[in-house]
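Structure file model-v8.pdb (PDB, C-alpha atoms) follows.
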```pdb
ATOM      1  CA  MET P   1      47.630 -30.752  14.606
ATOM      2  CA  ILE P   2      45.821 -31.904  11.470
ATOM      3  CA  SER P   3      45.058 -29.185   8.954
ATOM      4  CA  ARG P   4      41.639 -28.517   7.477
ATOM      5  CA  LYS P   5      42.840 -29.630   4.032
ATOM      6  CA  GLU P   6      44.176 -32.897   5.390
ATOM      7  CA  LEU P   7      40.992 -33.537   7.386
ATOM      8  CA  LEU P   8      38.902 -33.039   4.241
ATOM      9  CA  PHE P   9      41.264 -35.304   2.305
ATOM     10  CA  GLN P  10      40.953 -38.054   4.922
ATOM     11  CA  ILE P  11      37.152 -37.805   5.016
ATOM     12  CA  VAL P  12      36.854 -38.093   1.230
ATOM     13  CA  LEU P  13      39.407 -40.944   1.172
ATOM     14  CA  HIS P  14      37.582 -42.931   3.852
ATOM     15  CA  ILE P  15      34.231 -42.440   2.125
ATOM     16  CA  ILE P  16      35.667 -43.738  -1.161
ATOM     17  CA  VAL P  17      37.310 -46.755   0.498
ATOM     18  CA  LEU P  18      34.155 -47.456   2.503
ATOM     19  CA  LEU P  19      31.966 -47.427  -0.609
ATOM     20  CA  PHE P  20      34.425 -49.507  -2.594
ATOM     21  CA  PHE P  21      34.872 -52.310  -0.051
ATOM     22  CA  SER P  22      31.408 -52.416   1.518
ATOM     23  CA  PHE P  23      29.174 -52.064  -1.530
ATOM     24  CA  ASP P  24      27.339 -55.287  -2.362
ATOM     25  CA  LYS P  25      26.846 -55.524  -6.121
ATOM     26  CA  ASN P  26      24.258 -58.278  -5.863
ATOM     27  CA  ARG P  27      21.973 -56.323  -3.540
ATOM     28  CA  GLU P  28      23.113 -52.921  -4.841
ATOM     29  CA  ALA P  29      23.403 -51.663  -1.279
ATOM     30  CA  ILE P  30      25.964 -51.072   1.443
ATOM     31  CA  ASN P  31      26.827 -54.180   3.460
ATOM     32  CA  VAL P  32      26.546 -52.915   7.038
ATOM     33  CA  ASP P  33      28.796 -55.656   8.478
ATOM     34  CA  ARG P  34      31.605 -54.790   6.063
ATOM     35  CA  ALA P  35      31.146 -51.094   6.746
ATOM     36  CA  ILE P  36      31.546 -51.646  10.500
ATOM     37  CA  PHE P  37      34.733 -53.668  10.028
ATOM     38  CA  LEU P  38      36.099 -51.069   7.607
ATOM     39  CA  LEU P  39      35.547 -48.335  10.187
ATOM     40  CA  TYR P  40      37.320 -50.528  12.729
ATOM     41  CA  TYR P  41      40.271 -50.999  10.359
ATOM     42  CA  SER P  42      40.398 -47.269   9.682
ATOM     43  CA  VAL P  43      40.647 -46.511  13.406
ATOM     44  CA  ALA P  44      43.585 -48.912  13.632
ATOM     45  CA  THR P  45      45.136 -47.255  10.583
ATOM     46  CA  VAL P  46      44.980 -43.886  12.339
ATOM     47  CA  VAL P  47      47.325 -45.297  14.981
ATOM     48  CA  ILE P  48      49.747 -46.335  12.238
ATOM     49  CA  THR P  49      49.595 -43.171  10.147
ATOM     50  CA  TYR P  50      49.475 -40.519  12.867
ATOM     51  CA  PHE P  51      51.596 -42.182  15.512
ATOM     52  CA  LEU P  52      53.872 -44.927  14.195
ATOM     53  CA  MET P  53      54.845 -43.340  10.874
ATOM     54  CA  PRO P  54      55.902 -39.917  12.286
ATOM     55  CA  ARG P  55      57.585 -41.477  15.315
ATOM     56  CA  TYR P  56      59.465 -44.308  13.608
ATOM     57  CA  LEU P  57      59.188 -44.471   9.807
ATOM     58  CA  TYR P  58      59.938 -40.799   9.063
ATOM     59  CA  LYS P  59      62.841 -40.897  11.521
ATOM     60  CA  LYS P  60      64.281 -43.942   9.698
ATOM     61  CA  LYS P  61      63.690 -46.262  12.635
ATOM     62  CA  TYR P  62      62.536 -48.995  10.300
ATOM     63  CA  TRP P  63      62.823 -52.009  12.599
ATOM     64  CA  GLN P  64      60.856 -50.277  15.336
ATOM     65  CA  PHE P  65      58.197 -49.306  12.805
ATOM     66  CA  PHE P  66      57.723 -52.806  11.411
ATOM     67  CA  VAL P  67      57.638 -54.385  14.884
ATOM     68  CA  ALA P  68      55.016 -51.851  16.006
ATOM     69  CA  PHE P  69      53.077 -52.301  12.753
ATOM     70  CA  PHE P  70      53.037 -56.077  13.245
ATOM     71  CA  ALA P  71      51.825 -55.575  16.828
ATOM     72  CA  VAL P  72      48.965 -53.335  15.659
ATOM     73  CA  VAL P  73      47.877 -55.809  12.971
ATOM     74  CA  THR P  74      48.029 -58.684  15.469
ATOM     75  CA  THR P  75      45.918 -56.711  17.928
ATOM     76  CA  VAL P  76      43.386 -55.852  15.245
ATOM     77  CA  ILE P  77      43.008 -59.531  14.253
ATOM     78  CA  ALA P  78      42.741 -60.638  17.880
ATOM     79  CA  ILE P  79      40.027 -58.095  18.745
ATOM     80  CA  GLU P  80      38.144 -58.898  15.551
ATOM     81  CA  GLU P  81      38.192 -62.654  16.105
ATOM     82  CA  LEU P  82      37.732 -62.706  19.895
ATOM     83  CA  VAL P  83      35.369 -59.764  20.409
ATOM     84  CA  LEU P  84      33.702 -58.299  17.319
ATOM     85  CA  GLU P  85      32.800 -61.412  15.364
ATOM     86  CA  PRO P  86      31.352 -63.336  18.380
ATOM     87  CA  LEU P  87      29.218 -60.270  19.176
ATOM     88  CA  MET P  88      28.076 -59.660  15.602
ATOM     89  CA  PHE P  89      27.733 -63.304  14.518
ATOM     90  CA  PRO P  90      26.840 -65.340  17.648
ATOM     91  CA  ASN P  91      26.454 -69.109  17.319
ATOM     92  CA  THR P  92      27.701 -69.117  13.723
ATOM     93  CA  ARG P  93      30.729 -70.622  12.066
ATOM     94  CA  ARG P  94      32.205 -67.143  11.553
ATOM     95  CA  GLY P  95      31.579 -66.137  15.155
ATOM     96  CA  ASN P  96      32.898 -69.340  16.691
ATOM     97  CA  GLY P  97      35.796 -70.178  14.391
ATOM     98  CA  PHE P  98      39.108 -68.687  13.224
ATOM     99  CA  PRO P  99      39.609 -68.655   9.424
ATOM    100  CA  GLY P 100      43.382 -68.515   9.705
ATOM    101  CA  VAL P 101      46.109 -65.898   9.594
ATOM    102  CA  TYR P 102      46.224 -65.572   5.793
ATOM    103  CA  ALA P 103      42.468 -65.112   5.451
ATOM    104  CA  SER P 104      42.473 -62.495   8.228
ATOM    105  CA  LEU P 105      45.376 -60.619   6.678
ATOM    106  CA  LEU P 106      43.664 -60.602   3.276
ATOM    107  CA  GLY P 107      40.692 -58.901   4.882
ATOM    108  CA  ILE P 108      42.711 -56.330   6.835
ATOM    109  CA  LEU P 109      45.843 -55.463   4.880
ATOM    110  CA  PRO P 110      44.275 -54.119   1.641
ATOM    111  CA  VAL P 111      42.290 -51.487   3.562
ATOM    112  CA  MET P 112      45.140 -50.550   5.889
ATOM    113  CA  THR P 113      47.624 -50.444   3.010
ATOM    114  CA  ILE P 114      45.453 -48.108   0.936
ATOM    115  CA  LEU P 115      44.746 -45.756   3.843
ATOM    116  CA  SER P 116      48.354 -45.765   5.060
ATOM    117  CA  GLY P 117      49.732 -45.348   1.520
ATOM    118  CA  CYS P 118      47.505 -42.356   0.850
ATOM    119  CA  LYS P 119      48.581 -40.769   4.120
ATOM    120  CA  PHE P 120      52.234 -41.411   3.229
ATOM    121  CA  GLY P 121      51.669 -39.797  -0.180
ATOM    122  CA  TRP P 122      49.973 -36.807   1.442
ATOM    123  CA  ASP P 123      52.884 -36.320   3.848
ATOM    124  CA  ALA P 124      55.371 -36.668   0.987
ATOM    125  CA  LEU P 125      53.579 -33.957  -1.003
ATOM    126  CA  GLN P 126      53.506 -31.638   2.013
ATOM    127  CA  LYS P 127      57.189 -32.226   2.678
ATOM    128  CA  GLN P 128      58.010 -31.537  -0.964
ATOM    129  CA  ALA P 129      56.014 -28.312  -0.807
ATOM    130  CA  GLU P 130      58.043 -27.261   2.247
ATOM    131  CA  ILE P 131      61.286 -28.127   0.448
ATOM    132  CA  ASP P 132      60.225 -26.154  -2.641
ATOM    133  CA  GLU P 133      59.338 -23.147  -0.488
ATOM    134  CA  LEU P 134      62.657 -23.373   1.346
ATOM    135  CA  GLN P 135      64.582 -23.685  -1.912
ATOM    136  CA  SER P 136      62.707 -20.697  -3.301
ATOM    137  CA  THR P 137      63.584 -18.673  -0.197
ATOM    138  CA  ILE P 138      67.231 -19.718  -0.391
ATOM    139  CA  GLN P 139      67.353 -18.946  -4.110
ATOM    140  CA  GLU P 140      65.829 -15.521  -3.590
ATOM    141  CA  SER P 141      68.304 -14.782  -0.790
ATOM    142  CA  GLU P 142      71.177 -15.896  -2.986
ATOM    143  CA  LEU P 143      69.965 -13.735  -5.857
ATOM    144  CA  GLN P 144      69.657 -10.740  -3.561
ATOM    145  CA  PHE P 145      73.207 -11.341  -2.362
ATOM    146  CA  LEU P 146      74.530 -11.668  -5.907
ATOM    147  CA  ARG P 147      72.754  -8.511  -6.998
ATOM    148  CA  SER P 148      74.076  -6.646  -3.960
ATOM    149  CA  GLN P 149      77.600  -7.383  -5.212
ATOM    150  CA  ILE P 150      76.994  -5.632  -8.521
ATOM    151  CA  ASN P 151      76.761  -2.082  -7.174
ATOM    152  CA  PRO P 152      80.065  -2.177  -5.239
ATOM    153  CA  HIS P 153      81.714  -3.838  -8.234
ATOM    154  CA  PHE P 154      80.437  -1.107 -10.553
ATOM    155  CA  LEU P 155      81.495   1.645  -8.151
ATOM    156  CA  PHE P 156      84.938   0.156  -7.619
ATOM    157  CA  ASN P 157      85.705   0.090 -11.341
ATOM    158  CA  ASN P 158      84.271   3.495 -12.171
ATOM    159  CA  LEU P 159      85.523   5.437  -9.170
ATOM    160  CA  ASN P 160      89.081   4.515 -10.159
ATOM    161  CA  ASN P 161      88.466   5.943 -13.619
ATOM    162  CA  LEU P 162      86.760   9.014 -12.192
ATOM    163  CA  TYR P 163      89.681   9.591  -9.843
ATOM    164  CA  SER P 164      92.151   9.659 -12.731
ATOM    165  CA  TYR P 165      89.995  12.171 -14.638
ATOM    166  CA  ALA P 166      89.691  14.353 -11.555
ATOM    167  CA  LEU P 167      93.486  14.386 -11.167
ATOM    168  CA  GLN P 168      93.786  15.578 -14.755
ATOM    169  CA  ASN P 169      91.095  18.246 -14.212
ATOM    170  CA  SER P 170      89.310  16.813 -17.229
ATOM    171  CA  PRO P 171      86.275  18.841 -18.369
ATOM    172  CA  LYS P 172      84.449  15.522 -18.834
ATOM    173  CA  THR P 173      84.491  14.774 -15.106
ATOM    174  CA  PRO P 174      81.059  16.376 -14.381
ATOM    175  CA  GLU P 175      79.506  14.536 -17.356
ATOM    176  CA  ILE P 176      80.935  11.217 -16.140
ATOM    177  CA  ILE P 177      79.557  11.861 -12.657
ATOM    178  CA  LEU P 178      76.120  12.606 -14.149
ATOM    179  CA  GLU P 179      76.137   9.419 -16.243
ATOM    180  CA  MET P 180      77.266   7.382 -13.234
ATOM    181  CA  SER P 181      74.444   8.874 -11.194
ATOM    182  CA  GLY P 182      71.879   7.773 -13.770
ATOM    183  CA  VAL P 183      73.211   4.221 -13.960
ATOM    184  CA  LEU P 184      73.391   3.929 -10.171
ATOM    185  CA  ARG P 185      69.837   5.235  -9.824
ATOM    186  CA  TYR P 186      68.660   2.427 -12.074
ATOM    187  CA  MET P 187      70.701  -0.161 -10.173
ATOM    188  CA  LEU P 188      69.491   0.973  -6.770
ATOM    189  CA  TYR P 189      65.846   1.831  -7.349
ATOM    190  CA  GLU P 190      64.528   0.598 -10.680
ATOM    191  CA  SER P 191      66.018  -2.908 -10.855
ATOM    192  CA  LYS P 192      64.840  -4.297  -7.530
ATOM    193  CA  GLU P 193      62.431  -6.714  -9.202
ATOM    194  CA  GLN P 194      63.599 -10.143 -10.272
ATOM    195  CA  PHE P 195      62.703  -9.233 -13.867
ATOM    196  CA  VAL P 196      62.380  -5.849 -15.565
ATOM    197  CA  PRO P 197      61.054  -4.737 -18.990
ATOM    198  CA  LEU P 198      63.556  -5.591 -21.719
ATOM    199  CA  LYS P 199      63.203  -2.143 -23.293
ATOM    200  CA  LYS P 200      64.149  -0.498 -19.988
ATOM    201  CA  GLU P 201      67.205  -2.696 -19.619
ATOM    202  CA  ILE P 202      68.359  -1.884 -23.148
ATOM    203  CA  GLU P 203      68.043   1.836 -22.399
ATOM    204  CA  GLN P 204      70.307   1.402 -19.393
ATOM    205  CA  LEU P 205      72.823  -0.522 -21.479
ATOM    206  CA  ASP P 206      72.950   2.445 -23.821
ATOM    207  CA  ASN P 207      73.522   4.828 -20.879
ATOM    208  CA  PHE P 208      76.193   2.568 -19.485
ATOM    209  CA  ILE P 209      78.006   2.343 -22.814
ATOM    210  CA  ARG P 210      77.923   6.143 -23.178
ATOM    211  CA  LEU P 211      79.514   6.389 -19.738
ATOM    212  CA  TYR P 212      82.421   4.191 -20.764
ATOM    213  CA  LYS P 213      82.767   5.830 -24.180
ATOM    214  CA  LEU P 214      83.461   9.085 -22.342
ATOM    215  CA  GLN P 215      86.418   7.384 -20.723
ATOM    216  CA  ILE P 216      87.775   5.930 -23.961
ATOM    217  CA  GLU P 217      87.539   9.304 -25.761
ATOM    218  CA  ASN P 218      89.449   9.028 -29.075
ATOM    219  CA  ARG P 219      91.362   5.898 -28.232
ATOM    220  CA  GLY P 220      89.141   3.542 -30.201
ATOM    221  CA  ASP P 221      85.719   2.665 -31.574
ATOM    222  CA  VAL P 222      82.676   1.388 -29.727
ATOM    223  CA  ASN P 223      79.684   0.033 -31.638
ATOM    224  CA  PHE P 224      76.352  -0.800 -30.032
ATOM    225  CA  GLU P 225      73.569  -2.286 -32.155
ATOM    226  CA  THR P 226      70.055  -3.428 -31.249
ATOM    227  CA  VAL P 227      67.910  -5.411 -33.684
ATOM    228  CA  ASN P 228      64.220  -6.250 -33.419
ATOM    229  CA  ILE P 229      63.872  -5.606 -29.679
ATOM    230  CA  LYS P 230      60.245  -6.464 -29.033
ATOM    231  CA  PRO P 231      58.058  -4.788 -26.415
ATOM    232  CA  GLY P 232      56.354  -6.778 -23.698
ATOM    233  CA  TYR P 233      59.270  -9.050 -22.801
ATOM    234  CA  LYS P 234      61.141  -9.113 -19.510
ATOM    235  CA  ILE P 235      64.704  -9.918 -18.535
ATOM    236  CA  ALA P 236      66.688 -10.286 -15.339
ATOM    237  CA  PRO P 237      68.291  -6.883 -14.667
ATOM    238  CA  LEU P 238      72.022  -6.240 -14.664
ATOM    239  CA  ILE P 239      72.937  -9.432 -16.542
ATOM    240  CA  LEU P 240      74.201  -8.014 -19.843
ATOM    241  CA  ILE P 241      75.802  -4.989 -18.208
ATOM    242  CA  VAL P 242      78.434  -7.177 -16.544
ATOM    243  CA  PHE P 243      79.731  -8.471 -19.888
ATOM    244  CA  ILE P 244      79.850  -4.953 -21.305
ATOM    245  CA  GLU P 245      81.701  -3.627 -18.270
ATOM    246  CA  ASN P 246      84.138  -6.509 -18.566
ATOM    247  CA  ALA P 247      84.748  -5.729 -22.246
ATOM    248  CA  PHE P 248      85.642  -2.097 -21.552
ATOM    249  CA  LYS P 249      87.805  -2.972 -18.577
ATOM    250  CA  HIS P 250      89.480  -5.786 -20.509
ATOM    251  CA  SER P 251      90.388  -3.546 -23.442
ATOM    252  CA  GLN P 252      91.531  -0.529 -21.438
ATOM    253  CA  SER P 253      93.701  -2.541 -19.074
ATOM    254  CA  GLY P 254      95.851  -3.925 -21.856
ATOM    255  CA  GLN P 255      96.070  -1.080 -24.361
ATOM    256  CA  SER P 256      95.837   2.691 -24.547
ATOM    257  CA  SER P 257      94.823   3.000 -28.209
ATOM    258  CA  ASN P 258      93.066   1.148 -31.063
ATOM    259  CA  ILE P 259      90.376  -0.117 -28.727
ATOM    260  CA  GLU P 260      87.618  -1.969 -30.576
ATOM    261  CA  ILE P 261      84.403  -3.032 -28.887
ATOM    262  CA  ASP P 262      81.391  -4.411 -30.748
ATOM    263  CA  ILE P 263      78.138  -5.077 -28.901
ATOM    264  CA  SER P 264      74.885  -6.309 -30.385
ATOM    265  CA  VAL P 265      71.537  -7.346 -28.939
ATOM    266  CA  LYS P 266      68.929  -8.919 -31.191
ATOM    267  CA  MET P 267      65.759 -10.941 -30.829
ATOM    268  CA  THR P 268      64.308 -13.786 -32.866
ATOM    269  CA  ASP P 269      60.839 -14.668 -31.674
ATOM    270  CA  SER P 270      61.255 -14.875 -27.872
ATOM    271  CA  VAL P 271      64.985 -15.626 -27.978
ATOM    272  CA  LEU P 272      67.483 -12.872 -27.196
ATOM    273  CA  GLU P 273      71.015 -13.134 -28.534
ATOM    274  CA  PHE P 274      73.751 -10.992 -27.041
ATOM    275  CA  ASN P 275      77.189 -10.682 -28.627
ATOM    276  CA  CYS P 276      80.074  -8.732 -27.178
ATOM    277  CA  LYS P 277      83.556  -8.676 -28.690
ATOM    278  CA  ASN P 278      86.558  -6.639 -27.630
ATOM    279  CA  ASN P 279      90.217  -6.641 -28.570
ATOM    280  CA  PHE P 280      92.994  -6.625 -25.983
ATOM    281  CA  GLU P 281      96.738  -6.783 -25.523
ATOM    282  CA  ALA P 282      97.737  -9.722 -23.394
ATOM    283  CA  VAL P 283      99.150  -8.732 -20.017
ATOM    284  CA  PRO P 284      99.401 -10.876 -16.846
ATOM    285  CA  SER P 285      96.599  -9.021 -15.055
ATOM    286  CA  LEU P 286      93.994  -9.799 -17.707
ATOM    287  CA  ASP P 287      93.260 -13.287 -16.386
ATOM    288  CA  THR P 288      92.128 -11.708 -13.148
ATOM    289  CA  ILE P 289      89.914  -9.267 -15.018
ATOM    290  CA  ALA P 290      88.370 -11.883 -17.310
ATOM    291  CA  LYS P 291      87.539 -14.201 -14.424
ATOM    292  CA  GLY P 292      86.642 -11.626 -11.784
ATOM    293  CA  ILE P 293      83.724 -11.359  -9.428
ATOM    294  CA  GLY P 294      81.426  -9.832 -12.062
ATOM    295  CA  LEU P 295      81.555 -12.805 -14.425
ATOM    296  CA  ARG P 296      81.313 -15.393 -11.649
ATOM    297  CA  ASN P 297      78.347 -13.469 -10.319
ATOM    298  CA  VAL P 298      76.467 -13.330 -13.622
ATOM    299  CA  GLN P 299      77.131 -17.000 -14.392
ATOM    300  CA  LYS P 300      75.606 -17.954 -11.050
ATOM    301  CA  ARG P 301      72.599 -15.709 -11.637
ATOM    302  CA  LEU P 302      72.019 -17.256 -15.058
ATOM    303  CA  GLU P 303      72.017 -20.725 -13.501
ATOM    304  CA  LEU P 304      69.446 -19.620 -10.930
ATOM    305  CA  LEU P 305      67.172 -17.520 -13.140
ATOM    306  CA  TYR P 306      67.415 -19.302 -16.490
ATOM    307  CA  PRO P 307      67.939 -23.012 -15.815
ATOM    308  CA  ASN P 308      68.014 -24.853 -19.149
ATOM    309  CA  LYS P 309      66.978 -21.605 -20.837
ATOM    310  CA  HIS P 310      70.334 -20.014 -21.534
ATOM    311  CA  LYS P 311      73.556 -20.681 -23.364
ATOM    312  CA  LEU P 312      76.738 -18.812 -22.476
ATOM    313  CA  GLU P 313      79.944 -19.092 -24.489
ATOM    314  CA  ILE P 314      83.093 -17.143 -23.616
ATOM    315  CA  SER P 315      86.190 -17.508 -25.745
ATOM    316  CA  GLU P 316      89.478 -15.847 -26.630
ATOM    317  CA  GLU P 317      90.964 -15.888 -30.124
ATOM    318  CA  ASN P 318      93.359 -13.637 -32.027
ATOM    319  CA  ASN P 319      93.629 -11.186 -29.146
ATOM    320  CA  SER P 320      89.843 -10.882 -29.018
ATOM    321  CA  TYR P 321      87.572 -11.668 -26.108
ATOM    322  CA  ILE P 322      84.169 -12.914 -27.287
ATOM    323  CA  VAL P 323      80.974 -13.404 -25.314
ATOM    324  CA  TYR P 324      77.845 -15.002 -26.732
ATOM    325  CA  LEU P 325      74.720 -15.301 -24.615
ATOM    326  CA  ARG P 326      71.412 -16.800 -25.676
ATOM    327  CA  LEU P 327      68.374 -16.306 -23.429
ATOM    328  CA  GLU P 328      64.829 -17.611 -23.741
ATOM    329  CA  LEU P 329      62.717 -14.706 -22.534
ATOM    330  CA  GLU P 330      59.156 -14.631 -21.236
ATOM    331  CA  LYS P 331      56.537 -11.970 -21.709
ATOM    332  CA  ALA P 332      55.868  -9.587 -18.849
TER     333      ALA P 332
END
```

Structure rendered as structure tokens:
Amino acid sequence: MISRKELLFQIVLHIIVLLFFSFDKNREAINVDRAIFLLYYSVATVVITYFLMPRYLYKKKYWQFFVAFFAVVTTVIAIEELVLEPLMFPNTRRGNGFPGVYASLLGILPVMTILSGCKFGWDALQKQAEIDELQSTIQESELQFLRSQINPHFLFNNLNNLYSYALQNSPKTPEIILEMSGVLRYMLYESKEQFVPLKKEIEQLDNFIRLYKLQIENRGDVNFETVNIKPGYKIAPLILIVFIENAFKHSQSGQSSNIEIDISVKMTDSVLEFNCKNNFEAVPSLDTIAKGIGLRNVQKRLELLYPNKHKLEISEENNSYIVYLRLELEKA
């Protein structure tokens, strides 16, 4: 079923081709004979574009398409020479004679090629639009899946810590539960959009860091610095939090004291730079922590949400784990 847009496109296209090929410059008027033949060619082209192309060409049945195309062109020439021209030009050289295959093709093929090519281009654009929509749907589904992994990952890490504090009857257990509740509320209800206000995300980073600082207690120093965070910008939620969570987990898994974690977020124009550095003592389990589901998840999300607009560098040197992320942000 042809759509209204395509019908309008075909009408405009045929009018343009009709005016172009049938306009007589000498008389400054439409040549009726040419216009009739152009309409005849356009009817034949409809057979090619709406029957042969979908049935053969688009299904990669090339030989069948070219054989059928040749048959249509042959039929068009035969009807033109044996029926139309004798009726329109009786007892004339044009009506009684055959100018030859090449001359006939030169009259037919330019019109049919233009009309068929435009139809092919239209179909290609529609197919590309369908592909783009499908890719967008797939990408959104993949992002939703990746984001759905963050909450269980966060709970898994923090419930283990909470369990150990509960066993020790630590007075900080209620405070940790309260901080966890706030972070989870943001994850579940306030970060459902693909992008959130940057200021809001920074606030949640601060809450998240306070939650982990409660667990470190006096075993080390944690520094969090923000510089020139501008209002009006947006960022994909729960990107930076994964690196921070990894830093705390990385440090605590390998050492019980002298923990050092430095985190900074700064903006220059519309570019956000995130730095996170933590020290650690090398133990066999750290490779699993450094390359766990959280980091794989965030790397995939960055590829989907910031293609060619991010730079991520992760390195280890002198018992320090360093993350540098550069993001080109857009205004909300």

Using only C-alpha atoms, which residue out of P:Phe243, P:Leu18, P:Tyr233, P:Ser270 lies closest to Leu205 in chain P? P:Phe243

Fewer than 6 positions away in the same chain doesn't count, so skip those; otherwise give me all residues within 12 Å of range 88-93 of chain P, counting only C-alpha atoms, as a list in words. Val32, Asp33, Arg34, Ile36, Phe37, Glu80, Glu81, Leu82 and Pro99 of chain P

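Atom pair CA of Asn308 in chain P / CA of Glu201 in chain P: separated by 22.2 Å.
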
Extract, using all atoms listed in the file, all DNA, RNA and protein residues at most 9 Å from Val111 in chain P, discarding same-chain residues fewer than 3 positions from it, and format them as a PyMOL selection string. chain P and resi 17+21+38+41-42+45+107-108+114-116

Using the chain letters and numbers from this file, what does the PyMOL selection byres ((chain P and resi 312) around 10) select? Give the answer as a PyMOL selection string. chain P and resi 274+299+302+310-311+313-314+323-327

Let me know the residues the PyMOL selection byres ((chain P and resi 217) around 12) catches in the file above, as an MDAnalysis selection string. chainID P and resid 165 170 172 176 210:216 218:222 252 256:259

How would the residues just chosen look if you wrote them out with C-alpha atoms as a compact mmCIF listing (two decimals), in the frame of the given file?
```txt
# COMPACT_ATOMS: atom_id res chain seq x y z
CA TYR P 165 90.00 12.17 -14.64
CA SER P 170 89.31 16.81 -17.23
CA LYS P 172 84.45 15.52 -18.83
CA ILE P 176 80.94 11.22 -16.14
CA ARG P 210 77.92 6.14 -23.18
CA LEU P 211 79.51 6.39 -19.74
CA TYR P 212 82.42 4.19 -20.76
CA LYS P 213 82.77 5.83 -24.18
CA LEU P 214 83.46 9.09 -22.34
CA GLN P 215 86.42 7.38 -20.72
CA ILE P 216 87.78 5.93 -23.96
CA ASN P 218 89.45 9.03 -29.08
CA ARG P 219 91.36 5.90 -28.23
CA GLY P 220 89.14 3.54 -30.20
CA ASP P 221 85.72 2.66 -31.57
CA VAL P 222 82.68 1.39 -29.73
CA GLN P 252 91.53 -0.53 -21.44
CA SER P 256 95.84 2.69 -24.55
CA SER P 257 94.82 3.00 -28.21
CA ASN P 258 93.07 1.15 -31.06
CA ILE P 259 90.38 -0.12 -28.73
```

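Applied to the file shown here, the PyMOL selection byres ((chain P and resi 265) around 9) selects Ile202, Phe224, Glu225, Thr226, Val227, Asn228, Ile229, Ile263, Ser264, Lys266, Met267, Leu272, Glu273, Phe274, Asn275 and Cys276 of chain P.
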
Mind dumping a table of every range 21-59 of chain P residue within 10 Å of range 67-74 of chain P, with the nearest atom pair and its distance in Å to one decimal, using only C-alpha atoms, sorted by chain and rising number, as a Markdown table?
```
| residue | atom | partner | partner_atom | distance |
| --- | --- | --- | --- | --- |
| P:Tyr41 | CA | P:Val73 | CA | 9.4 |
| P:Ala44 | CA | P:Val72 | CA | 7.3 |
| P:Thr45 | CA | P:Val72 | CA | 8.8 |
| P:Val47 | CA | P:Val72 | CA | 8.2 |
| P:Ile48 | CA | P:Phe69 | CA | 6.9 |
| P:Leu52 | CA | P:Ala68 | CA | 7.2 |
| P:Met53 | CA | P:Phe69 | CA | 9.3 |
| P:Tyr56 | CA | P:Ala68 | CA | 9.1 |
```

Find the distance between CA of Trp122 in chain P and CA of Ser104 in chain P and write it in Å to one decimal. 27.6 Å

Any idea what the distance is between CA of Leu84 in chain P and CA of Gly97 in chain P? 12.4 Å

For each of P:Asn223, P:Met112, P:Lys199, P:Leu159, take the minimum atom-to-atom distance to Ile177 in chain P, counting only C-alpha atoms, then give the residue where this is smallest. P:Leu159
